[in-house]
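Colleague: So here's entry_1.csv (CSV, C-alpha atoms and all ligand atoms).
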chain,number,residue,atom,x,y,z
A,1,MET,CA,-29.6,76.3,122.3
A,2,GLY,CA,-29.8,79.0,119.7
A,3,LEU,CA,-31.0,82.5,120.3
A,4,LYS,CA,-34.6,83.2,121.0
A,5,VAL,CA,-36.6,85.9,119.4
A,6,TYR,CA,-39.7,87.6,121.0
A,7,ILE,CA,-42.6,87.9,118.6
A,8,ASN,CA,-46.0,89.1,120.0
A,9,GLY,CA,-45.5,87.8,123.5
A,10,LYS,CA,-43.9,84.5,122.7
A,11,PHE,CA,-40.3,83.3,122.2
A,12,TYR,CA,-39.2,81.5,119.1
A,13,GLU,CA,-36.0,79.8,118.1
A,14,LYS,CA,-34.0,82.0,115.8
A,15,SER,CA,-34.6,79.6,112.9
A,16,LYS,CA,-38.4,79.6,113.5
A,17,ALA,CA,-38.8,83.3,114.2
A,18,MET,CA,-40.9,84.5,111.3
A,19,ILE,CA,-43.6,86.9,110.5
A,20,SER,CA,-46.2,86.9,107.6
A,21,VAL,CA,-45.3,88.0,104.1
A,22,PHE,CA,-48.5,90.1,104.4
A,23,ASP,CA,-47.0,92.1,107.2
A,24,HIS,CA,-47.0,95.7,106.1
A,25,GLY,CA,-43.6,96.1,107.7
A,26,LEU,CA,-42.3,94.0,104.9
A,27,LEU,CA,-44.7,95.1,102.1
A,28,TYR,CA,-44.4,98.8,102.8
A,29,GLY,CA,-41.7,99.5,105.4
A,30,ASP,CA,-44.7,100.5,107.6
A,31,GLY,CA,-43.4,100.3,111.1
A,32,VAL,CA,-40.8,101.7,113.5
A,33,PHE,CA,-37.8,100.5,115.3
A,34,GLU,CA,-35.1,101.1,117.8
A,35,GLY,CA,-31.5,99.9,118.3
A,36,ILE,CA,-30.5,99.5,121.9
A,37,ARG,CA,-27.4,98.2,123.8
A,38,SER,CA,-26.8,96.4,127.0
A,39,TYR,CA,-23.5,96.5,128.8
A,40,GLY,CA,-22.6,94.1,131.6
A,41,ARG,CA,-26.3,93.1,132.2
A,42,MET,CA,-27.6,96.7,132.2
A,43,VAL,CA,-29.7,98.1,129.4
A,44,PHE,CA,-28.4,101.5,128.5
A,45,LYS,CA,-31.0,104.3,128.2
A,46,LEU,CA,-33.9,101.9,127.9
A,47,ASP,CA,-36.6,104.4,128.9
A,48,GLU,CA,-35.2,106.9,126.4
A,49,HIS,CA,-35.3,104.3,123.6
A,50,ILE,CA,-38.8,103.2,124.6
A,51,ASP,CA,-40.0,106.8,124.7
A,52,ARG,CA,-38.6,107.5,121.2
A,53,LEU,CA,-40.2,104.3,119.8
A,54,TYR,CA,-43.6,105.4,121.1
A,55,GLU,CA,-43.1,108.9,119.7
A,56,SER,CA,-42.2,107.4,116.3
A,57,ALA,CA,-45.3,105.1,116.5
A,58,ARG,CA,-47.6,108.0,117.5
A,59,SER,CA,-46.4,110.0,114.6
A,60,ILE,CA,-47.4,107.3,112.1
A,61,MET,CA,-50.6,106.5,114.1
A,62,LEU,CA,-49.4,103.0,115.0
A,63,ASP,CA,-50.8,101.5,118.2
A,64,VAL,CA,-48.1,99.4,119.7
A,65,GLY,CA,-50.8,97.5,121.6
A,66,MET,CA,-48.9,97.3,124.9
A,67,SER,CA,-47.8,99.8,127.5
A,68,LYS,CA,-44.3,101.2,127.6
A,69,LYS,CA,-43.7,99.4,130.9
A,70,ALA,CA,-44.8,96.1,129.4
A,71,LEU,CA,-42.5,96.6,126.4
A,72,ALA,CA,-39.5,97.5,128.5
A,73,GLU,CA,-40.2,94.4,130.6
A,74,ALA,CA,-40.4,92.3,127.5
A,75,VAL,CA,-36.9,93.6,126.4
A,76,VAL,CA,-35.4,92.6,129.7
A,77,GLU,CA,-37.2,89.2,129.6
A,78,THR,CA,-35.7,88.6,126.1
A,79,LEU,CA,-32.2,89.4,127.3
A,80,LYS,CA,-32.6,87.1,130.3
A,81,GLU,CA,-34.0,84.3,128.1
A,82,ASN,CA,-30.9,84.5,125.9
A,83,ASN,CA,-28.5,85.0,128.9
A,84,LEU,CA,-26.8,87.8,127.1
A,85,LYS,CA,-24.4,90.1,129.1
A,86,ASP,CA,-23.5,92.5,126.4
A,87,ALA,CA,-26.1,92.7,123.6
A,88,TYR,CA,-27.5,94.6,120.7
A,89,ILE,CA,-31.3,94.8,120.9
A,90,ARG,CA,-33.4,95.5,117.9
A,91,LEU,CA,-37.0,96.5,118.8
A,92,VAL,CA,-39.3,96.4,115.8
A,93,VAL,CA,-43.0,97.3,115.7
A,94,THR,CA,-44.8,96.9,112.4
A,95,ARG,CA,-48.3,97.8,111.3
A,96,GLY,CA,-48.9,94.0,111.3
A,97,GLN,CA,-50.6,91.6,108.9
A,98,GLY,CA,-52.9,93.1,106.2
A,99,ASP,CA,-53.6,92.6,102.6
A,100,LEU,CA,-51.7,93.8,99.5
A,101,GLY,CA,-53.2,97.3,99.7
A,102,LEU,CA,-51.3,99.9,101.6
A,103,ASP,CA,-54.3,101.0,103.7
A,104,PRO,CA,-53.2,100.6,107.3
A,105,ARG,CA,-56.8,100.0,108.4
A,106,LYS,CA,-56.5,96.5,107.0
A,107,CYS,CA,-53.9,95.6,109.6
A,108,ARG,CA,-55.7,94.8,112.8
A,109,LYS,CA,-52.8,94.4,115.2
A,110,ALA,CA,-49.2,95.6,115.3
A,111,SER,CA,-46.4,93.0,115.3
A,112,VAL,CA,-43.9,93.5,118.1
A,113,ILE,CA,-40.5,91.9,117.6
A,114,ILE,CA,-37.5,91.9,119.9
A,115,ILE,CA,-34.3,90.5,118.6
A,116,THR,CA,-31.3,90.3,120.9
A,117,ASP,CA,-27.9,89.3,119.7
A,118,ASN,CA,-24.2,89.8,120.2
A,119,ILE,CA,-23.1,93.2,118.9
A,120,ILE,CA,-21.2,93.5,115.7
A,121,LEU,CA,-19.0,96.6,115.9
A,122,TYR,CA,-17.0,98.7,113.5
A,123,PRO,CA,-13.5,97.2,113.2
A,124,GLU,CA,-11.3,98.3,116.1
A,125,LYS,CA,-8.9,100.2,113.8
A,126,TYR,CA,-11.5,102.9,113.1
A,127,TYR,CA,-11.7,103.7,116.9
A,128,LYS,CA,-7.9,103.9,117.1
A,129,LYS,CA,-7.1,105.6,113.8
A,130,GLY,CA,-10.4,107.3,112.9
A,131,LEU,CA,-12.8,107.1,110.0
A,132,SER,CA,-12.8,108.8,106.6
A,133,LEU,CA,-16.1,110.2,105.5
A,134,ILE,CA,-17.4,111.4,102.1
A,135,THR,CA,-20.4,113.6,101.4
A,136,VAL,CA,-22.9,112.0,99.1
A,137,ALA,CA,-25.5,113.3,96.7
A,138,THR,CA,-28.5,111.6,98.4
A,139,ARG,CA,-30.1,114.1,100.7
A,140,ARG,CA,-31.6,113.5,104.1
A,141,ASN,CA,-35.4,113.1,104.1
A,142,ILE,CA,-37.2,116.4,104.3
A,143,PRO,CA,-39.2,116.9,107.6
A,144,GLU,CA,-42.3,117.5,105.5
A,145,ALA,CA,-42.1,114.0,104.0
A,146,VAL,CA,-41.1,111.1,106.4
A,147,ASN,CA,-39.9,113.2,109.3
A,148,PRO,CA,-36.3,112.2,110.1
A,149,GLN,CA,-37.3,112.0,113.8
A,150,ILE,CA,-39.4,109.0,113.0
A,151,LYS,CA,-37.2,105.9,113.1
A,152,SER,CA,-39.3,104.1,110.5
A,153,LEU,CA,-38.7,100.8,108.8
A,154,ASN,CA,-38.2,102.9,105.6
A,155,TYR,CA,-34.5,103.3,105.7
A,156,LEU,CA,-33.9,103.4,102.0
A,157,ASN,CA,-32.9,107.0,102.0
A,158,ASN,CA,-30.1,106.2,104.3
A,159,ILE,CA,-29.2,103.0,102.6
A,160,LEU,CA,-28.9,104.8,99.2
A,161,ALA,CA,-26.4,107.2,100.9
A,162,LYS,CA,-24.5,104.2,102.3
A,163,ILE,CA,-24.4,102.6,98.9
A,164,GLU,CA,-22.9,105.8,97.4
A,165,ALA,CA,-20.2,105.9,100.1
A,166,VAL,CA,-19.3,102.1,99.8
A,167,HIS,CA,-19.3,102.4,96.0
A,168,VAL,CA,-16.4,104.8,96.2
A,169,GLY,CA,-14.6,102.9,99.0
A,170,PHE,CA,-15.8,104.8,102.1
A,171,GLU,CA,-17.4,103.3,105.2
A,172,GLU,CA,-19.7,106.2,106.0
A,173,ALA,CA,-21.5,109.0,104.2
A,174,ILE,CA,-22.2,112.6,105.3
A,175,MET,CA,-25.8,113.5,104.4
A,176,LEU,CA,-26.9,117.1,103.8
A,177,ASN,CA,-30.4,118.3,103.9
A,178,SER,CA,-32.2,119.8,100.8
A,179,ASP,CA,-30.6,123.2,101.6
A,180,GLY,CA,-27.1,121.8,101.6
A,181,TYR,CA,-26.5,121.9,105.4
A,182,VAL,CA,-24.7,119.0,107.1
A,183,ILE,CA,-27.2,116.8,109.0
A,184,GLU,CA,-25.8,113.5,110.0
A,185,CYS,CA,-24.4,110.2,108.7
A,186,THR,CA,-26.4,107.2,107.5
A,187,GLY,CA,-26.9,105.7,111.0
A,188,ASP,CA,-24.9,108.1,113.3
A,189,ASN,CA,-25.0,111.8,114.4
A,190,ILE,CA,-22.1,114.0,113.7
A,191,PHE,CA,-20.2,116.4,116.0
A,192,ILE,CA,-17.3,118.8,115.6
A,193,VAL,CA,-15.0,120.5,118.0
A,194,LYS,CA,-13.7,124.0,117.2
A,195,ASP,CA,-11.7,126.2,119.5
A,196,GLY,CA,-12.5,124.0,122.5
A,197,ALA,CA,-16.3,124.1,122.0
A,198,LEU,CA,-18.6,121.3,120.8
A,199,PHE,CA,-21.2,121.6,118.0
A,200,THR,CA,-23.7,119.4,116.3
A,201,PRO,CA,-26.4,120.1,113.7
A,202,PRO,CA,-29.8,121.1,115.2
A,203,ALA,CA,-32.6,118.4,115.1
A,204,TYR,CA,-35.0,120.8,113.4
A,205,LEU,CA,-32.9,120.7,110.2
A,206,GLY,CA,-33.4,117.0,110.0
A,207,ALA,CA,-30.9,115.3,112.3
A,208,LEU,CA,-32.2,112.4,114.5
A,209,ARG,CA,-32.3,113.3,118.2
A,210,GLY,CA,-29.8,110.4,118.8
A,211,ILE,CA,-29.7,109.0,122.3
A,212,THR,CA,-25.9,108.8,122.1
A,213,ARG,CA,-25.9,112.4,120.9
A,214,GLY,CA,-27.9,113.2,124.1
A,215,SER,CA,-25.3,111.4,126.3
A,216,VAL,CA,-22.4,113.3,124.6
A,217,ILE,CA,-24.2,116.6,125.3
A,218,ASP,CA,-24.7,115.5,129.0
A,219,ILE,CA,-20.9,114.6,129.2
A,220,ALA,CA,-20.0,118.0,127.7
A,221,ARG,CA,-22.1,119.7,130.4
A,222,SER,CA,-20.5,117.7,133.2
A,223,LEU,CA,-17.0,118.4,131.8
A,224,LYS,CA,-17.9,122.1,131.4
A,225,ILE,CA,-17.2,122.0,127.7
A,226,ARG,CA,-19.1,124.7,125.8
A,227,PHE,CA,-21.8,123.1,123.6
A,228,SER,CA,-24.4,124.4,121.1
A,229,GLU,CA,-26.5,123.1,118.3
A,230,LYS,CA,-25.2,124.9,115.2
A,231,VAL,CA,-26.1,125.0,111.5
A,232,LEU,CA,-23.0,123.4,109.9
A,233,THR,CA,-21.7,123.6,106.4
A,234,ARG,CA,-19.1,121.4,104.8
A,235,HIS,CA,-16.7,124.3,105.1
A,236,LYS,CA,-17.2,124.3,108.9
A,237,LEU,CA,-16.5,120.6,108.9
A,238,PHE,CA,-13.3,120.9,106.8
A,239,ASN,CA,-12.0,123.5,109.2
A,240,ALA,CA,-12.9,121.7,112.5
A,241,ASP,CA,-10.3,120.8,115.0
A,242,GLU,CA,-11.9,117.5,115.6
A,243,CYS,CA,-14.9,115.5,114.4
A,244,PHE,CA,-16.6,112.3,115.6
A,245,LEU,CA,-19.8,110.3,115.1
A,246,THR,CA,-22.2,109.0,117.7
A,247,GLY,CA,-24.7,106.1,117.6
A,248,THR,CA,-25.9,103.3,119.7
A,249,ALA,CA,-24.0,100.7,117.7
A,250,ALA,CA,-20.9,102.7,116.9
A,251,GLU,CA,-20.8,104.6,120.3
A,252,ILE,CA,-18.3,107.3,119.6
A,253,ILE,CA,-16.1,107.0,116.6
A,254,PRO,CA,-13.4,109.5,115.6
A,255,VAL,CA,-13.4,111.1,112.1
A,256,VAL,CA,-10.0,112.0,110.6
A,257,THR,CA,-10.7,112.9,107.0
A,258,ILE,CA,-13.8,114.5,105.3
A,259,ASP,CA,-14.0,114.6,101.5
A,260,GLY,CA,-10.2,114.3,101.4
A,261,ARG,CA,-9.5,117.1,103.9
A,262,THR,CA,-7.5,116.1,106.9
A,263,ILE,CA,-9.3,117.1,110.2
A,264,GLY,CA,-7.0,118.4,112.9
A,265,ASP,CA,-3.7,116.5,112.7
A,266,GLY,CA,-5.3,113.5,111.1
A,267,SER,CA,-5.6,111.4,114.3
A,268,PRO,CA,-8.4,111.1,116.8
A,269,GLY,CA,-8.6,114.4,118.8
A,270,VAL,CA,-8.0,115.0,122.5
A,271,MET,CA,-11.6,116.1,123.2
A,272,THR,CA,-12.9,113.1,121.1
A,273,THR,CA,-10.9,110.8,123.3
A,274,ARG,CA,-12.3,112.5,126.5
A,275,PHE,CA,-15.8,111.9,125.2
A,276,MET,CA,-15.0,108.3,124.4
A,277,LYS,CA,-13.7,107.7,127.9
A,278,GLY,CA,-16.7,109.6,129.5
A,279,PHE,CA,-19.1,107.6,127.4
A,280,ARG,CA,-17.5,104.3,128.4
A,281,LYS,CA,-17.8,105.3,132.1
A,282,LEU,CA,-21.5,106.1,131.6
A,283,THR,CA,-22.3,102.8,130.0
A,284,LYS,CA,-20.6,101.0,132.9
A,285,SER,CA,-22.4,103.0,135.6
A,286,GLU,CA,-26.0,103.2,134.6
A,287,GLY,CA,-28.8,101.2,133.0
A,288,VAL,CA,-31.7,98.9,133.8
A,289,LYS,CA,-30.3,95.8,135.5
A,290,TYR,CA,-31.3,92.3,134.6
B,301,LIG,N1,-29.0,109.1,113.0
B,301,LIG,C1,-29.6,108.1,112.3
B,301,LIG,C2,-30.2,108.3,111.0
B,301,LIG,C3,-29.7,106.8,113.0
B,301,LIG,O1,-30.4,105.8,112.4
B,301,LIG,C4,-29.2,106.6,114.3
B,301,LIG,C5,-29.2,105.3,114.9
B,301,LIG,N2,-30.4,105.0,115.5
B,301,LIG,C6,-28.5,107.7,114.9
B,301,LIG,C7,-28.5,108.9,114.2
B,301,LIG,C8,-27.9,107.6,116.2
B,301,LIG,O2,-28.9,107.5,117.2
B,301,LIG,P1,-28.7,106.8,118.6
B,301,LIG,O3,-27.6,107.4,119.3
B,301,LIG,O4,-30.0,107.0,119.3
B,301,LIG,O5,-28.5,105.3,118.2
Starting from the file, give its structure as structure tokens.
Ligand code: PMP
Modeller:
Amino acid sequence: MGLKVYINGKFYEKSKAMISVFDHGLLYGDGVFEGIRSYGRMVFKLDEHIDRLYESARSIMLDVGMSKKALAEAVVETLKENNLKDAYIRLVVTRGQGDLGLDPRKCRKASVIIITDNIILYPEKYYKKGLSLITVATRRNIPEAVNPQIKSLNYLNNILAKIEAVHVGFEEAIMLNSDGYVIECTGDNIFIVKDGALFTPPAYLGALRGITRGSVIDIARSLKIRFSEKVLTRHKLFNADECFLTGTAAEIIPVVTIDGRTIGDGSPGVMTTRFMKGFRKLTKSEGVKY
């Protein structure tokens, strides 16, 4: 039996899981999404992801059409249906089926899609040896346009940055905001360690309030490591002792070079390794069981 996909309350075989070409998620990227993980039959930070999804939906005036509780239960049901122990979960809510005009009033009902699958990770070598980043020309969306806190189906801004990085042989891109401050990568938040303290760019400058970012901040607190949100320049990054990225899919991934500058001694840092271990412990110890 192949994987089953949840669409609007029903399960469909992967090969038959389809939505209309008139869905505004496809026609206009009009919708929101979340990426979630489960570890050992426990969904990690499920409520946080559901809350963020509903915040994104509210911001674009999209009625999900079901309660948070019902949606969380549907996620768990989909995982059970597929008998997945460790999974990547993609939750998508689109404006739904409309006509060719962009007016959202034409879409009567949101489409709710839950895809669960095995997780595809960055190759193991990046966790052991670290990642090399490059700053790209494409800037992060300004908050006055599509606010970066909205995880919308319009990811072209980030995809353009990814294309730039891949084009010159790098896996990930550092994105700056329109004022030239460091914000985040294409699908991950960025942290640096300097003189024993931890820093990440503030959300108000345009960084997504990542759930993994939140977990790392919690770990810093429990380990009594000094932390603050800080406006970061590339210069600050180049002179960091350590650097790492955080995200649901990537978890915590060390960074060892930035725009050709070696960070620290060019290998994953001691603090980074502590955070990686702390995060692993967290994913094993908490979550919504199924
Ligand atoms: N920034 C962006 C732009 C992202 O798309 C993601 C992934 N959702 C993140 C950061 C990391 O967020 P999280 O830890 O919640 O996955």
Colleague: Please, which residues have at least one atom within 8 Å of an atom of ligand LIG 301 (chain B), using all atoms listed in the file, listed as a list in words?
Modeller: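 Checking all atoms listed in the file against ligand LIG 301 (chain B) at 8 Å gives Glu34, Gly35, Ile36, His49, Pro148, Lys151, Asn158, Glu184, Cys185, Thr186, Gly187, Asp188, Asn189, Ala207, Leu208, Arg209, Gly210, Ile211, Thr212, Arg213, Gly214, Thr246, Gly247, Thr248, Ala249 and Glu251 of chain A.
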Colleague: For a test of reading the model, state the distance in Å between atom CA of A:Ile119 and atom CA of A:Thr200, rounded to one decimal.
Modeller: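 Interatomic distance here is 26.3 Å.
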Colleague: A:Thr94, A:Asn177, A:Ser38, A:Asn118: which is nearest A:Asn154, counting all atoms listed in the file?
Modeller: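 The closest residue to A:Asn154 is A:Thr94.
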Colleague: If I take atom CA of A:Thr233 and atom CA of A:Tyr181, how far is one from the other in Å, to one decimal?
Modeller: 5.2 Å
Colleague: May I have the protein, DNA and RNA residues with any atom at most 12 Å from the point (-31.2, 102.5, 101.0), counting all atoms listed in the file, written as a ChimeraX atom specification?
Modeller: /A:29,138-141,153-166,186-187
Colleague: Quick check, in Å to one decimal: how far apart do atom CA of A:Val76 and atom CA of A:Leu53 lie?
Modeller: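 According to the coordinates, atom CA of A:Val76 and atom CA of A:Leu53 are separated by 16.1 Å.
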Colleague: Counting all atoms listed in the file, which of A:Val32, A:Ile114, A:Val136, A:Val288 gets nearest to A:Thr78?
Modeller: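 Of A:Val32, A:Ile114, A:Val136, A:Val288, the one nearest A:Thr78, counting all atoms listed in the file, is A:Ile114.
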Colleague: Using all atoms listed in the file, which protein or nucleic acid residues come within 10 Å of A:Gly31? Drop anything in the same chain fewer than 6 positions from it, and give the result as an mmCIF file with C-alpha atoms, in the frame of the given file.
Modeller:
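As a result, around39.cif now contains:
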data_model
loop_
_atom_site.group_PDB
_atom_site.id
_atom_site.type_symbol
_atom_site.label_atom_id
_atom_site.label_comp_id
_atom_site.auth_asym_id
_atom_site.auth_seq_id
_atom_site.Cartn_x
_atom_site.Cartn_y
_atom_site.Cartn_z
ATOM 1 C CA ASP A 23 -47.000 92.100 107.200
ATOM 2 C CA HIS A 24 -47.000 95.700 106.100
ATOM 3 C CA GLY A 25 -43.600 96.100 107.700
ATOM 4 C CA SER A 56 -42.200 107.400 116.300
ATOM 5 C CA ALA A 57 -45.300 105.100 116.500
ATOM 6 C CA ILE A 60 -47.400 107.300 112.100
ATOM 7 C CA MET A 61 -50.600 106.500 114.100
ATOM 8 C CA LEU A 62 -49.400 103.000 115.000
ATOM 9 C CA VAL A 64 -48.100 99.400 119.700
ATOM 10 C CA VAL A 92 -39.300 96.400 115.800
ATOM 11 C CA VAL A 93 -43.000 97.300 115.700
ATOM 12 C CA THR A 94 -44.800 96.900 112.400
ATOM 13 C CA ARG A 95 -48.300 97.800 111.300
ATOM 14 C CA GLY A 96 -48.900 94.000 111.300
ATOM 15 C CA ALA A 110 -49.200 95.600 115.300
ATOM 16 C CA SER A 111 -46.400 93.000 115.300
ATOM 17 C CA VAL A 112 -43.900 93.500 118.100
ATOM 18 C CA ILE A 150 -39.400 109.000 113.000
ATOM 19 C CA LYS A 151 -37.200 105.900 113.100
ATOM 20 C CA SER A 152 -39.300 104.100 110.500
ATOM 21 C CA LEU A 153 -38.700 100.800 108.800
ATOM 22 C CA ASN A 154 -38.200 102.900 105.600
#
Colleague: Quick one: residues within 6 Å of stretch 192-194 of chain A, all atoms listed in the file counted, chain neighbours fewer than 6 positions away excluded, as a ChimeraX atom specification?
Modeller: /A:240-243
Colleague: For A:Asp47, list every protein, DNA or RNA residue within 9 Å, evaluated using all atoms listed in the file, and leave out those in the same chain fewer than 4 positions away; present the list as a PDB file with C-alpha atoms, keeping the file's coordinate frame.
Modeller:
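Written output follows (around-v2.pdb):
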ATOM      1  CA  ASP A  51     -40.000 106.800 124.700  1.00  0.00           C
ATOM      2  CA  ARG A  52     -38.600 107.500 121.200  1.00  0.00           C
ATOM      3  CA  LYS A  68     -44.300 101.200 127.600  1.00  0.00           C
ATOM      4  CA  LYS A  69     -43.700  99.400 130.900  1.00  0.00           C
ATOM      5  CA  ALA A  72     -39.500  97.500 128.500  1.00  0.00           C
ATOM      6  CA  VAL A 288     -31.700  98.900 133.800  1.00  0.00           C
TER       7      VAL A 288
END
Colleague: Considering only C-alpha atoms, tabulate each residue of stretch 90-176 of chain A that lies at most 7 Å from stretch 254-260 of chain A along with its nearest interatomic pair and the corresponding distance in Å to one decimal; arrange the rows by chain and ascending residue number and present them as CSV.
Modeller:
residue,atom,partner,partner_atom,distance
A:Tyr127,CA,A:Pro254,CA,6.2
A:Gly130,CA,A:Pro254,CA,4.6
A:Leu131,CA,A:Val255,CA,4.6
A:Ser132,CA,A:Thr257,CA,4.6
A:Leu133,CA,A:Ile258,CA,4.9
A:Ile134,CA,A:Asp259,CA,4.7
A:Thr135,CA,A:Asp259,CA,6.5
